[in-house]
Structure formats: C-alpha cells, structure tokens
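In what follows, a single structure is set out as structure tokens and then discussed.
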Amino acid sequence: MDWVTGEYELFEVHEPAVHSIPFVYNSPHSGRCYPVSFLESSRLNAYEIRRSEDHFVDELFSSATDIGAPLLKANFPRAYLDVNREPYELDQRMFDGPLPSYANIGSMRVAGGLGTVPRIVAENMDIYAHRLPVDEGISRIENIYKPYHACLRKLVSRTHAAFGMAVLIDCHSMPGNIRLAGSNIRPDVIIGDRYGTSASAEISRAALYLLEELGFTAVYNKPYAGGFITEHYGRPVRSLHALQIEVNRALYVDEKTLLKTAEFYAVQSALDTFMRQLSMFVSEYANDMAFAAE
C-alpha cells in the first residue's frame, strides 16, 4: 500500500482463522495513507508530516492473527486524526470558528498541540498553513473516530463474551531518544497500565518479565503510562484488561530515513514470541481465577 494515496480503507480488522485466545491487538497510530487534500493543506513536506507515525507497528504485531487474536489497524495517519484521545479534545487556535460547547479545549494534550485533530507532529512542527473550518474537524471525528472506536468496542465485547475476559494490547512506538528521568536508561519497551488501573498487576508484571527474558530493557509506566484507549477500555474488575506497549523505534527503524533496518525482523520475531508467551500466561491466569472463584 502506497503511503500517499487518495483512496483507501480508513481502518481494517485482520481476523484470525479461529479467535482462540482472549486478546485483541490494536495499532491506532501506524497508518501511513495520507489524503492528498491533507498534504496540500499542510506546511510540512512529505517526510516531515510522517514524524508522528508509529512506524510499521502494525507489521511488528502482525502475527497476532497467527496466534488466534484479531488485529485492528488504522490506515489514516495520526497526524490527521488521533483516536487515542477523547473524541473532542480540540484546539481552538486551529479553527476559524467557535468549537462546540462540549469540546474539551483545556486538556494538557490540547495545550501541547496533540489533541484529537493534532496541531503539530513531533519536534513541535506545526502541521497546517492555515486554520481549519470547524466542520472539517468535526467531520473527521464523526466519520473516522467514532466508527473506529465502535469497531474496537465490538472486538473487545466479542472477546469478553466468548472467553469471560478480554486483554486489549494497544501497540505503539516511541522515539529512540527517550530516557528515564534521572537516569541514562534507554528503554526498549514500556508497558503502561495507567498506574495499575487498566489491567491486573499479574498481567502487567508478566508482560514486563517476559520482555526482559527476551533481552529487552523493559520499564513500567514511565514515561508512558497509556493514553485514552488504555484508560477507557481497561476495567480489571470486569475482567477487561488493557495494556499499552511502546517499542523503541530505533531498534528497528532508521529514524532519519524512516525505513526499516536489518534488525526489524529480529524485533518482530521477538515480539511474536512475547505475544505467544503472554497468551499462555493469561490462559493459565484465567484458569487460576476461575478455580479461585469456585
């Protein structure tokens, strides 16, 4: 699929032959199909506009279907619309008319330029040459954001109904220059569970342990604890667990050219092993919980 195109499916679900494990994988920021009209409205060039993509994350986790879980992936780019936000986190400075009264114009993400319709890409680069019509922003939410979340809710609900539990893995990448505050540690992977509120501690600890056993430097909740999707879909008391996973893109992408490096396939293979092992752990965990409830 060409990364600049006029016609494309907004998002797609890759289904397993049999949905055999209580997992749903989601890649909301790896879309690389840029509407021509969007590119024409931007002050950025075709390379700069891609700086906030989660490059190839959908491919890193593509074996989810092989192990029995669906994978939802966005094809629209994060710079165009960010579904890992509240539906109406909007920046009044971007629009040429007043926003609806229900818009959240005061969030920290909006202040930073990273609302539902982003104002910037990475490195604080403004996207637009001119203000947008308010109707344009609302249209993206109504026609893309809401259908995307309706699809994700359906997948999670279907999984929960079939297995009595669901584990949503929200897949992302992070810049290679991320360091833990106060240290020189550069994490390879960050597991986020909204500080213990979106998933059981056992599942979060298992994810960290399995990643470390595979040789990754894995850390917990810092500096990324999970966004709107993790917070919104994770309800451990209802056996709905949501984890955000951030993979350091310097492990597999040349951040200057935005092309895969030779290490891409090794990282992909390691993450495949991680997904299989986490699935086995969750199956045992679910059995233990069922036994304890008897």
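If you're wondering about the labels, chains in the structure tokens are A, B, ... by order shown, residues count from 1 in each chain, ligands from 1 in order shown.
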
Residues of stretch 50-115 of chain A within 12 Å of stretch 233-255 of chain A: nearest atom pair and distance (Å, one decimal) for each, counting only C-alpha atoms, sorted by chain and number, as a Markdown table?
| residue | atom | partner | partner_atom | distance |
| --- | --- | --- | --- | --- |
| A:Arg50 | CA | A:Glu255 | CA | 10.8 |
| A:Arg51 | CA | A:Glu255 | CA | 9.0 |
| A:Ser52 | CA | A:Glu255 | CA | 11.3 |
| A:Glu53 | CA | A:Arg249 | CA | 10.4 |
| A:Asp54 | CA | A:Arg249 | CA | 8.0 |
| A:His55 | CA | A:Arg249 | CA | 7.4 |
| A:Phe56 | CA | A:Val253 | CA | 8.7 |
| A:Val57 | CA | A:Val247 | CA | 8.4 |
| A:Asp58 | CA | A:Val247 | CA | 11.8 |
| A:Glu59 | CA | A:Tyr252 | CA | 11.4 |
| A:Leu60 | CA | A:Tyr252 | CA | 9.5 |
| A:Phe61 | CA | A:Ile245 | CA | 10.8 |
| A:Asn84 | CA | A:Gln244 | CA | 11.0 |

Deliver the residues from the most recent selection as a file, using all heavy atoms, as a compact mmCIF listing (two decimals), in the first residue's frame.
# COMPACT_ATOMS: atom_id res chain seq x y z
N ARG A 50 5.38 12.77 8.41
CA ARG A 50 5.37 11.39 8.92
C ARG A 50 6.03 11.25 10.29
O ARG A 50 6.11 10.14 10.82
CB ARG A 50 6.07 10.46 7.92
CG ARG A 50 5.46 10.44 6.54
CD ARG A 50 6.10 9.37 5.67
NE ARG A 50 5.85 8.04 6.22
CZ ARG A 50 6.58 6.98 5.91
NH1 ARG A 50 7.62 7.08 5.10
NH2 ARG A 50 6.29 5.80 6.44
N ARG A 51 6.46 12.34 10.88
CA ARG A 51 7.28 12.23 12.09
C ARG A 51 6.51 11.68 13.29
O ARG A 51 7.12 11.21 14.24
CB ARG A 51 7.88 13.60 12.44
CG ARG A 51 8.80 14.17 11.38
CD ARG A 51 10.01 13.32 11.10
NE ARG A 51 10.93 13.24 12.24
CZ ARG A 51 12.06 12.52 12.24
NH1 ARG A 51 12.38 11.80 11.18
NH2 ARG A 51 12.82 12.50 13.29
N SER A 52 5.19 11.74 13.27
CA SER A 52 4.47 11.20 14.43
C SER A 52 3.85 9.84 14.18
O SER A 52 3.12 9.33 15.01
CB SER A 52 3.38 12.16 14.91
OG SER A 52 2.71 12.81 13.90
N GLU A 53 4.19 9.21 13.06
CA GLU A 53 3.74 7.83 12.84
C GLU A 53 4.38 6.87 13.85
O GLU A 53 5.53 7.05 14.24
CB GLU A 53 4.18 7.35 11.45
CG GLU A 53 3.27 7.70 10.31
CD GLU A 53 3.83 7.16 9.00
OE1 GLU A 53 4.45 6.07 9.01
OE2 GLU A 53 3.67 7.84 7.98
N ASP A 54 3.64 5.84 14.20
CA ASP A 54 4.23 4.68 14.87
C ASP A 54 4.67 3.72 13.76
O ASP A 54 3.94 2.80 13.37
CB ASP A 54 3.22 4.01 15.80
CG ASP A 54 3.05 4.74 17.11
OD1 ASP A 54 3.85 5.64 17.40
OD2 ASP A 54 2.11 4.41 17.84
N HIS A 55 5.85 3.94 13.26
CA HIS A 55 6.31 3.33 12.02
C HIS A 55 6.29 1.80 12.09
O HIS A 55 6.95 1.19 12.93
CB HIS A 55 7.72 3.81 11.69
CG HIS A 55 7.81 5.30 11.57
ND1 HIS A 55 7.38 5.98 10.45
CD2 HIS A 55 8.23 6.25 12.44
CE1 HIS A 55 7.55 7.28 10.62
NE2 HIS A 55 8.06 7.46 11.82
N PHE A 56 5.50 1.20 11.21
CA PHE A 56 5.46 -0.25 10.99
C PHE A 56 5.03 -1.05 12.21
O PHE A 56 5.25 -2.27 12.26
CB PHE A 56 6.82 -0.75 10.49
CG PHE A 56 7.35 0.00 9.31
CD1 PHE A 56 8.47 0.81 9.43
CD2 PHE A 56 6.71 -0.07 8.08
CE1 PHE A 56 8.95 1.52 8.33
CE2 PHE A 56 7.18 0.64 6.98
CZ PHE A 56 8.30 1.45 7.10
N VAL A 57 4.40 -0.40 13.17
CA VAL A 57 3.96 -1.13 14.36
C VAL A 57 2.93 -2.20 14.00
O VAL A 57 2.91 -3.29 14.59
CB VAL A 57 3.42 -0.16 15.43
CG1 VAL A 57 2.59 -0.87 16.48
CG2 VAL A 57 4.59 0.55 16.11
N ASP A 58 2.06 -1.90 13.04
CA ASP A 58 1.10 -2.92 12.61
C ASP A 58 1.80 -4.17 12.10
O ASP A 58 1.32 -5.30 12.32
CB ASP A 58 0.16 -2.35 11.54
CG ASP A 58 0.91 -1.77 10.34
OD1 ASP A 58 2.04 -1.27 10.51
OD2 ASP A 58 0.35 -1.80 9.22
N GLU A 59 2.95 -4.01 11.46
CA GLU A 59 3.71 -5.16 10.98
C GLU A 59 4.45 -5.86 12.11
O GLU A 59 4.57 -7.09 12.11
CB GLU A 59 4.68 -4.73 9.88
CG GLU A 59 4.00 -4.20 8.63
CD GLU A 59 4.99 -3.86 7.54
OE1 GLU A 59 6.04 -4.53 7.43
OE2 GLU A 59 4.73 -2.89 6.78
N LEU A 60 4.94 -5.11 13.07
CA LEU A 60 5.63 -5.73 14.20
C LEU A 60 4.72 -6.71 14.92
O LEU A 60 5.17 -7.76 15.40
CB LEU A 60 6.10 -4.66 15.19
CG LEU A 60 7.34 -3.85 14.85
CD1 LEU A 60 7.62 -2.85 15.96
CD2 LEU A 60 8.56 -4.74 14.62
N PHE A 61 3.43 -6.38 15.01
CA PHE A 61 2.48 -7.20 15.76
C PHE A 61 1.54 -7.99 14.86
O PHE A 61 0.51 -8.49 15.31
CB PHE A 61 1.68 -6.32 16.72
CG PHE A 61 2.50 -5.76 17.85
CD1 PHE A 61 3.15 -4.53 17.72
CD2 PHE A 61 2.66 -6.47 19.03
CE1 PHE A 61 3.92 -4.03 18.77
CE2 PHE A 61 3.43 -5.97 20.07
CZ PHE A 61 4.06 -4.75 19.94
N ASN A 84 -6.43 7.98 19.90
CA ASN A 84 -6.01 7.73 21.27
C ASN A 84 -6.19 8.99 22.13
O ASN A 84 -5.37 9.31 22.98
CB ASN A 84 -4.56 7.26 21.32
CG ASN A 84 -4.20 6.58 22.63
OD1 ASN A 84 -5.08 6.10 23.36
ND2 ASN A 84 -2.92 6.55 22.96

Spatial neighbours of A:Pro147, 12 Å, only C-alpha atoms, chain gap at least 3 places, as a compact mmCIF listing (two decimals) with C-alpha atoms, in the first residue's frame:
# COMPACT_ATOMS: atom_id res chain seq x y z
CA LEU A 10 -9.82 4.01 6.82
CA PHE A 11 -9.09 1.04 9.05
CA GLU A 12 -9.22 -2.72 8.85
CA ALA A 74 -5.64 2.34 11.33
CA VAL A 83 -8.05 8.07 18.06
CA PRO A 87 -13.43 12.35 20.94
CA SER A 139 -16.31 15.58 10.26
CA ARG A 140 -13.11 13.65 10.97
CA ILE A 141 -14.45 12.75 14.41
CA GLU A 142 -17.89 11.70 13.18
CA ASN A 143 -16.69 9.78 10.12
CA ILE A 144 -13.45 8.21 11.34
CA ALA A 150 -17.26 1.34 17.52
CA CYS A 151 -15.20 -1.35 15.81
CA LEU A 152 -12.75 -1.61 18.71
CA ARG A 153 -15.59 -1.84 21.26
CA LYS A 154 -17.19 -4.60 19.23

Check your understanding: Of the candidates A:Gly113, A:Lys73, A:Arg43, A:Arg93, which shows the shortest atom-to-atom distance to A:Tyr128, using only C-alpha atoms?
Key ->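 Nearest candidate to A:Tyr128 out of A:Gly113, A:Lys73, A:Arg43, A:Arg93: A:Arg43.
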
Check your understanding: Among stretch 108-215 of chain A, which ones does DSSP place in strand (DSSP E or B), written as a PyMOL selection string?
Key -> chain A and resi 120-121+125-126+128+132+166-174+189-192

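Neighbours of A:Leu90 closer than or equal to 10 Å, with only C-alpha atoms counted and sequence neighbours fewer than 4 positions away skipped, come out as Arg85, Glu86, Met94, Phe95, Leu99, Pro100, Ala103, Asn104, Ile105, Gly106, Ser107, Arg109, Val110, Ala111, Gly113, Leu114, Gly115, Thr116, Val117, Pro118, Arg119, Val134, Gly137 and Ile138 of chain A.
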
Put those residues in a file: N, CA, C and O atoms, as a short mmCIF file (atom, residue, chain, number, x, y, z; two decimals), in the first residue's frame.
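As written to disk, part-v1.cif reads:
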data_model
loop_
_atom_site.label_atom_id
_atom_site.label_comp_id
_atom_site.auth_asym_id
_atom_site.auth_seq_id
_atom_site.Cartn_x
_atom_site.Cartn_y
_atom_site.Cartn_z
N ARG A 85 -7.27 9.69 21.87
CA ARG A 85 -7.66 10.91 22.59
C ARG A 85 -9.15 10.82 22.89
O ARG A 85 -9.87 9.99 22.34
N GLU A 86 -9.63 11.69 23.76
CA GLU A 86 -11.07 11.84 23.89
C GLU A 86 -11.63 12.25 22.52
O GLU A 86 -10.90 12.81 21.69
N MET A 94 -6.69 26.30 16.20
CA MET A 94 -6.56 25.69 14.89
C MET A 94 -7.73 25.99 13.96
O MET A 94 -7.63 25.75 12.75
N PHE A 95 -8.83 26.49 14.51
CA PHE A 95 -10.08 26.53 13.75
C PHE A 95 -10.54 27.97 13.51
O PHE A 95 -10.29 28.86 14.32
N LEU A 99 -15.68 26.42 18.46
CA LEU A 99 -15.90 24.99 18.61
C LEU A 99 -17.18 24.75 19.40
O LEU A 99 -17.64 25.62 20.15
N PRO A 100 -17.77 23.56 19.29
CA PRO A 100 -18.96 23.24 20.09
C PRO A 100 -18.67 23.35 21.59
O PRO A 100 -17.52 23.16 22.03
N ALA A 103 -16.71 20.57 23.41
CA ALA A 103 -15.30 20.28 23.12
C ALA A 103 -14.45 20.51 24.35
O ALA A 103 -14.66 21.47 25.11
N ASN A 104 -13.49 19.64 24.57
CA ASN A 104 -12.52 19.79 25.65
C ASN A 104 -11.34 20.58 25.10
O ASN A 104 -10.47 20.02 24.45
N ILE A 105 -11.34 21.89 25.36
CA ILE A 105 -10.29 22.76 24.79
C ILE A 105 -9.17 23.03 25.78
O ILE A 105 -8.20 23.71 25.45
N GLY A 106 -9.28 22.46 27.00
CA GLY A 106 -8.32 22.82 28.04
C GLY A 106 -7.43 21.70 28.52
O GLY A 106 -6.73 21.87 29.52
N SER A 107 -7.43 20.56 27.83
CA SER A 107 -6.60 19.45 28.31
C SER A 107 -5.13 19.74 28.06
O SER A 107 -4.76 20.55 27.20
N ARG A 109 -3.11 17.73 26.68
CA ARG A 109 -2.76 17.26 25.34
C ARG A 109 -3.09 18.32 24.29
O ARG A 109 -2.32 18.52 23.34
N VAL A 110 -4.22 18.99 24.46
CA VAL A 110 -4.56 20.09 23.55
C VAL A 110 -3.53 21.21 23.67
O VAL A 110 -3.05 21.75 22.66
N ALA A 111 -3.16 21.55 24.90
CA ALA A 111 -2.17 22.62 25.11
C ALA A 111 -0.85 22.29 24.43
O ALA A 111 -0.16 23.19 23.94
N GLY A 113 -0.57 20.65 21.68
CA GLY A 113 -0.76 20.53 20.24
C GLY A 113 -1.12 19.15 19.77
O GLY A 113 -1.13 18.88 18.56
N LEU A 114 -1.42 18.25 20.72
CA LEU A 114 -1.65 16.85 20.38
C LEU A 114 -3.06 16.41 20.75
O LEU A 114 -3.26 15.41 21.46
N GLY A 115 -4.05 17.15 20.28
CA GLY A 115 -5.43 16.80 20.52
C GLY A 115 -5.94 15.77 19.53
O GLY A 115 -5.16 15.13 18.81
N THR A 116 -7.25 15.61 19.49
CA THR A 116 -7.86 14.63 18.59
C THR A 116 -7.54 14.95 17.14
O THR A 116 -7.26 14.05 16.34
N VAL A 117 -7.62 16.21 16.77
CA VAL A 117 -7.08 16.68 15.49
C VAL A 117 -5.79 17.42 15.83
O VAL A 117 -5.82 18.55 16.32
N PRO A 118 -4.64 16.79 15.64
CA PRO A 118 -3.38 17.38 16.12
C PRO A 118 -3.03 18.68 15.40
O PRO A 118 -3.34 18.87 14.22
N ARG A 119 -2.37 19.54 16.17
CA ARG A 119 -1.86 20.80 15.60
C ARG A 119 -0.42 20.64 15.14
O ARG A 119 0.03 21.35 14.23
N VAL A 134 -14.23 24.58 11.21
CA VAL A 134 -14.68 23.75 12.33
C VAL A 134 -15.34 22.47 11.82
O VAL A 134 -15.12 21.37 12.36
N GLY A 137 -12.92 19.53 11.25
CA GLY A 137 -12.53 18.78 12.44
C GLY A 137 -13.64 17.88 12.94
O GLY A 137 -13.40 16.69 13.28
N ILE A 138 -14.85 18.38 13.00
CA ILE A 138 -15.99 17.58 13.48
C ILE A 138 -16.25 16.42 12.54
O ILE A 138 -16.57 15.30 12.97
#

**Study point:** Exercise: A:Ser63 partners within 12 Å, only C-alpha atoms, chain neighbours under 2 positions left out, as a ChimeraX atom specification
**Key:** /A:14-16,25,57-61,65-71,268-276

What does the file look like for those residues with N, CA and C atoms, as an mmCIF file, in the first residue's frame?
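Dumped everything to part10.cif:
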data_model
loop_
_atom_site.group_PDB
_atom_site.id
_atom_site.type_symbol
_atom_site.label_atom_id
_atom_site.label_comp_id
_atom_site.auth_asym_id
_atom_site.auth_seq_id
_atom_site.Cartn_x
_atom_site.Cartn_y
_atom_site.Cartn_z
ATOM 1 N N HIS A 14 -7.824 -7.430 10.874
ATOM 2 C CA HIS A 14 -7.270 -8.693 10.419
ATOM 3 C C HIS A 14 -7.725 -9.761 11.412
ATOM 4 N N GLU A 15 -8.518 -10.681 10.931
ATOM 5 C CA GLU A 15 -9.105 -11.705 11.785
ATOM 6 C C GLU A 15 -8.278 -12.987 11.739
ATOM 7 N N PRO A 16 -8.173 -13.684 12.864
ATOM 8 C CA PRO A 16 -7.527 -14.995 12.847
ATOM 9 C C PRO A 16 -8.453 -16.030 12.227
ATOM 10 N N TYR A 25 -5.585 -7.073 19.585
ATOM 11 C CA TYR A 25 -4.456 -6.182 19.338
ATOM 12 C C TYR A 25 -4.933 -4.981 18.532
ATOM 13 N N VAL A 57 4.398 -0.402 13.173
ATOM 14 C CA VAL A 57 3.957 -1.135 14.364
ATOM 15 C C VAL A 57 2.929 -2.201 14.005
ATOM 16 N N ASP A 58 2.063 -1.905 13.037
ATOM 17 C CA ASP A 58 1.097 -2.920 12.606
ATOM 18 C C ASP A 58 1.797 -4.173 12.102
ATOM 19 N N GLU A 59 2.951 -4.007 11.460
ATOM 20 C CA GLU A 59 3.708 -5.158 10.978
ATOM 21 C C GLU A 59 4.449 -5.859 12.108
ATOM 22 N N LEU A 60 4.942 -5.107 13.066
ATOM 23 C CA LEU A 60 5.628 -5.728 14.200
ATOM 24 C C LEU A 60 4.717 -6.712 14.923
ATOM 25 N N PHE A 61 3.426 -6.376 15.009
ATOM 26 C CA PHE A 61 2.483 -7.203 15.763
ATOM 27 C C PHE A 61 1.540 -7.991 14.855
ATOM 28 N N THR A 65 -2.684 -12.489 14.519
ATOM 29 C CA THR A 65 -3.699 -13.349 13.897
ATOM 30 C C THR A 65 -3.241 -14.806 13.853
ATOM 31 N N ASP A 66 -1.940 -15.030 13.741
ATOM 32 C CA ASP A 66 -1.427 -16.404 13.707
ATOM 33 C C ASP A 66 -1.627 -17.116 15.039
ATOM 34 N N ILE A 67 -1.637 -16.353 16.117
ATOM 35 C CA ILE A 67 -1.775 -16.978 17.430
ATOM 36 C C ILE A 67 -3.212 -16.933 17.939
ATOM 37 N N GLY A 68 -4.139 -16.407 17.116
ATOM 38 C CA GLY A 68 -5.548 -16.519 17.457
ATOM 39 C C GLY A 68 -6.237 -15.270 17.939
ATOM 40 N N ALA A 69 -5.691 -14.084 17.631
ATOM 41 C CA ALA A 69 -6.300 -12.821 18.068
ATOM 42 C C ALA A 69 -6.515 -11.898 16.882
ATOM 43 N N PRO A 70 -7.568 -11.081 16.900
ATOM 44 C CA PRO A 70 -7.746 -10.079 15.848
ATOM 45 C C PRO A 70 -6.800 -8.901 16.039
ATOM 46 N N LEU A 71 -6.478 -8.248 14.943
ATOM 47 C CA LEU A 71 -5.650 -7.039 14.954
ATOM 48 C C LEU A 71 -6.405 -5.941 14.218
ATOM 49 N N GLN A 268 10.636 -8.137 15.304
ATOM 50 C CA GLN A 268 9.320 -8.712 15.005
ATOM 51 C C GLN A 268 9.223 -10.144 15.546
ATOM 52 N N SER A 269 10.269 -10.931 15.352
ATOM 53 C CA SER A 269 10.273 -12.312 15.829
ATOM 54 C C SER A 269 10.224 -12.379 17.356
ATOM 55 N N ALA A 270 10.974 -11.499 18.012
ATOM 56 C CA ALA A 270 10.963 -11.475 19.480
ATOM 57 C C ALA A 270 9.586 -11.094 20.008
ATOM 58 N N LEU A 271 8.930 -10.148 19.343
ATOM 59 C CA LEU A 271 7.594 -9.745 19.781
ATOM 60 C C LEU A 271 6.572 -10.852 19.519
ATOM 61 N N ASP A 272 6.773 -11.623 18.470
ATOM 62 C CA ASP A 272 5.927 -12.790 18.232
ATOM 63 C C ASP A 272 6.048 -13.780 19.402
ATOM 64 N N THR A 273 7.268 -14.030 19.832
ATOM 65 C CA THR A 273 7.482 -14.913 20.992
ATOM 66 C C THR A 273 6.822 -14.335 22.234
ATOM 67 N N PHE A 274 6.975 -13.041 22.433
ATOM 68 C CA PHE A 274 6.342 -12.378 23.578
ATOM 69 C C PHE A 274 4.831 -12.565 23.555
ATOM 70 N N MET A 275 4.205 -12.351 22.402
ATOM 71 C CA MET A 275 2.751 -12.479 22.306
ATOM 72 C C MET A 275 2.302 -13.899 22.620
ATOM 73 N N ARG A 276 3.032 -14.871 22.131
ATOM 74 C CA ARG A 276 2.675 -16.277 22.384
ATOM 75 C C ARG A 276 2.821 -16.605 23.871
#

Practice item. Can you list, as a ChimeraX atom specification, all residues belonging to stretch 83-154 of chain A that DSSP tags as alpha helix (DSSP H)? Key: /A:108-111,134-140,146-154

Practice item. Would you kindly return, as a list in words, each protein, DNA or RNA residue with an atom no farther than 10 Å from any atom of A:Phe38, considering only C-alpha atoms and excluding same-chain residues fewer than 5 positions away? Key: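 Final neighbour list, sorted by chain and number: Ala79, Tyr80, Ile127 and Tyr128 of chain A.
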
**Study point:** Selection: 9 Å around stretch 279-288 of chain A, only C-alpha atoms, excl. self and same-chain fewer than 4 positions, as a PyMOL selection string
**Key:** chain A and resi 21-23+67+164-165+167+202-203+206+274-275+292-293

Using N, CA, C and O atoms, can you export the residues from the last selection as a short mmCIF file (atom, residue, chain, number, x, y, z; two decimals), in the first residue's frame?
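What follows is the written file selection.cif:
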data_model
loop_
_atom_site.label_atom_id
_atom_site.label_comp_id
_atom_site.auth_asym_id
_atom_site.auth_seq_id
_atom_site.Cartn_x
_atom_site.Cartn_y
_atom_site.Cartn_z
N ILE A 21 -7.85 -17.05 21.56
CA ILE A 21 -7.28 -16.51 22.80
C ILE A 21 -8.01 -15.21 23.15
O ILE A 21 -8.51 -14.52 22.27
N PRO A 22 -8.06 -14.85 24.45
CA PRO A 22 -8.86 -13.69 24.86
C PRO A 22 -8.15 -12.35 24.67
O PRO A 22 -8.15 -11.49 25.55
N PHE A 23 -7.57 -12.16 23.49
CA PHE A 23 -6.79 -10.97 23.20
C PHE A 23 -7.36 -10.21 22.01
O PHE A 23 -7.93 -10.80 21.09
N ILE A 67 -1.64 -16.35 16.12
CA ILE A 67 -1.78 -16.98 17.43
C ILE A 67 -3.21 -16.93 17.94
O ILE A 67 -3.48 -17.36 19.06
N GLY A 164 -15.03 -14.74 28.69
CA GLY A 164 -15.23 -14.30 30.07
C GLY A 164 -14.22 -13.27 30.51
O GLY A 164 -14.24 -12.81 31.65
N MET A 165 -13.31 -12.90 29.61
CA MET A 165 -12.32 -11.85 29.87
C MET A 165 -11.80 -11.36 28.53
O MET A 165 -12.00 -12.02 27.49
N VAL A 167 -8.23 -9.07 26.93
CA VAL A 167 -6.98 -8.33 27.12
C VAL A 167 -6.72 -7.55 25.84
O VAL A 167 -6.49 -8.13 24.78
N GLU A 202 -0.92 -8.78 37.89
CA GLU A 202 -0.30 -10.03 37.44
C GLU A 202 0.00 -10.00 35.95
O GLU A 202 1.07 -10.43 35.51
N ILE A 203 -0.92 -9.49 35.15
CA ILE A 203 -0.71 -9.44 33.71
C ILE A 203 0.38 -8.43 33.36
O ILE A 203 1.26 -8.70 32.53
N ALA A 206 3.73 -9.93 34.34
CA ALA A 206 4.10 -10.99 33.41
C ALA A 206 4.64 -10.41 32.11
O ALA A 206 5.64 -10.89 31.57
N PHE A 274 6.97 -13.04 22.43
CA PHE A 274 6.34 -12.38 23.58
C PHE A 274 4.83 -12.56 23.56
O PHE A 274 4.20 -12.90 24.57
N MET A 275 4.20 -12.35 22.40
CA MET A 275 2.75 -12.48 22.31
C MET A 275 2.30 -13.90 22.62
O MET A 275 1.30 -14.11 23.32
N ALA A 292 -10.24 -20.15 41.64
CA ALA A 292 -10.35 -19.44 42.93
C ALA A 292 -11.79 -19.01 43.20
O ALA A 292 -12.21 -18.87 44.34
N ALA A 293 -12.57 -18.77 42.11
CA ALA A 293 -13.94 -18.30 42.29
C ALA A 293 -14.90 -19.44 42.63
O ALA A 293 -16.04 -19.20 43.04
#

Review point. In Å, with one decimal, what is the gap from atom CA of A:Gly192 to atom CA of A:Ser204?
Key: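 Interatomic distance, atom CA of A:Gly192 to atom CA of A:Ser204: 8.0 Å.
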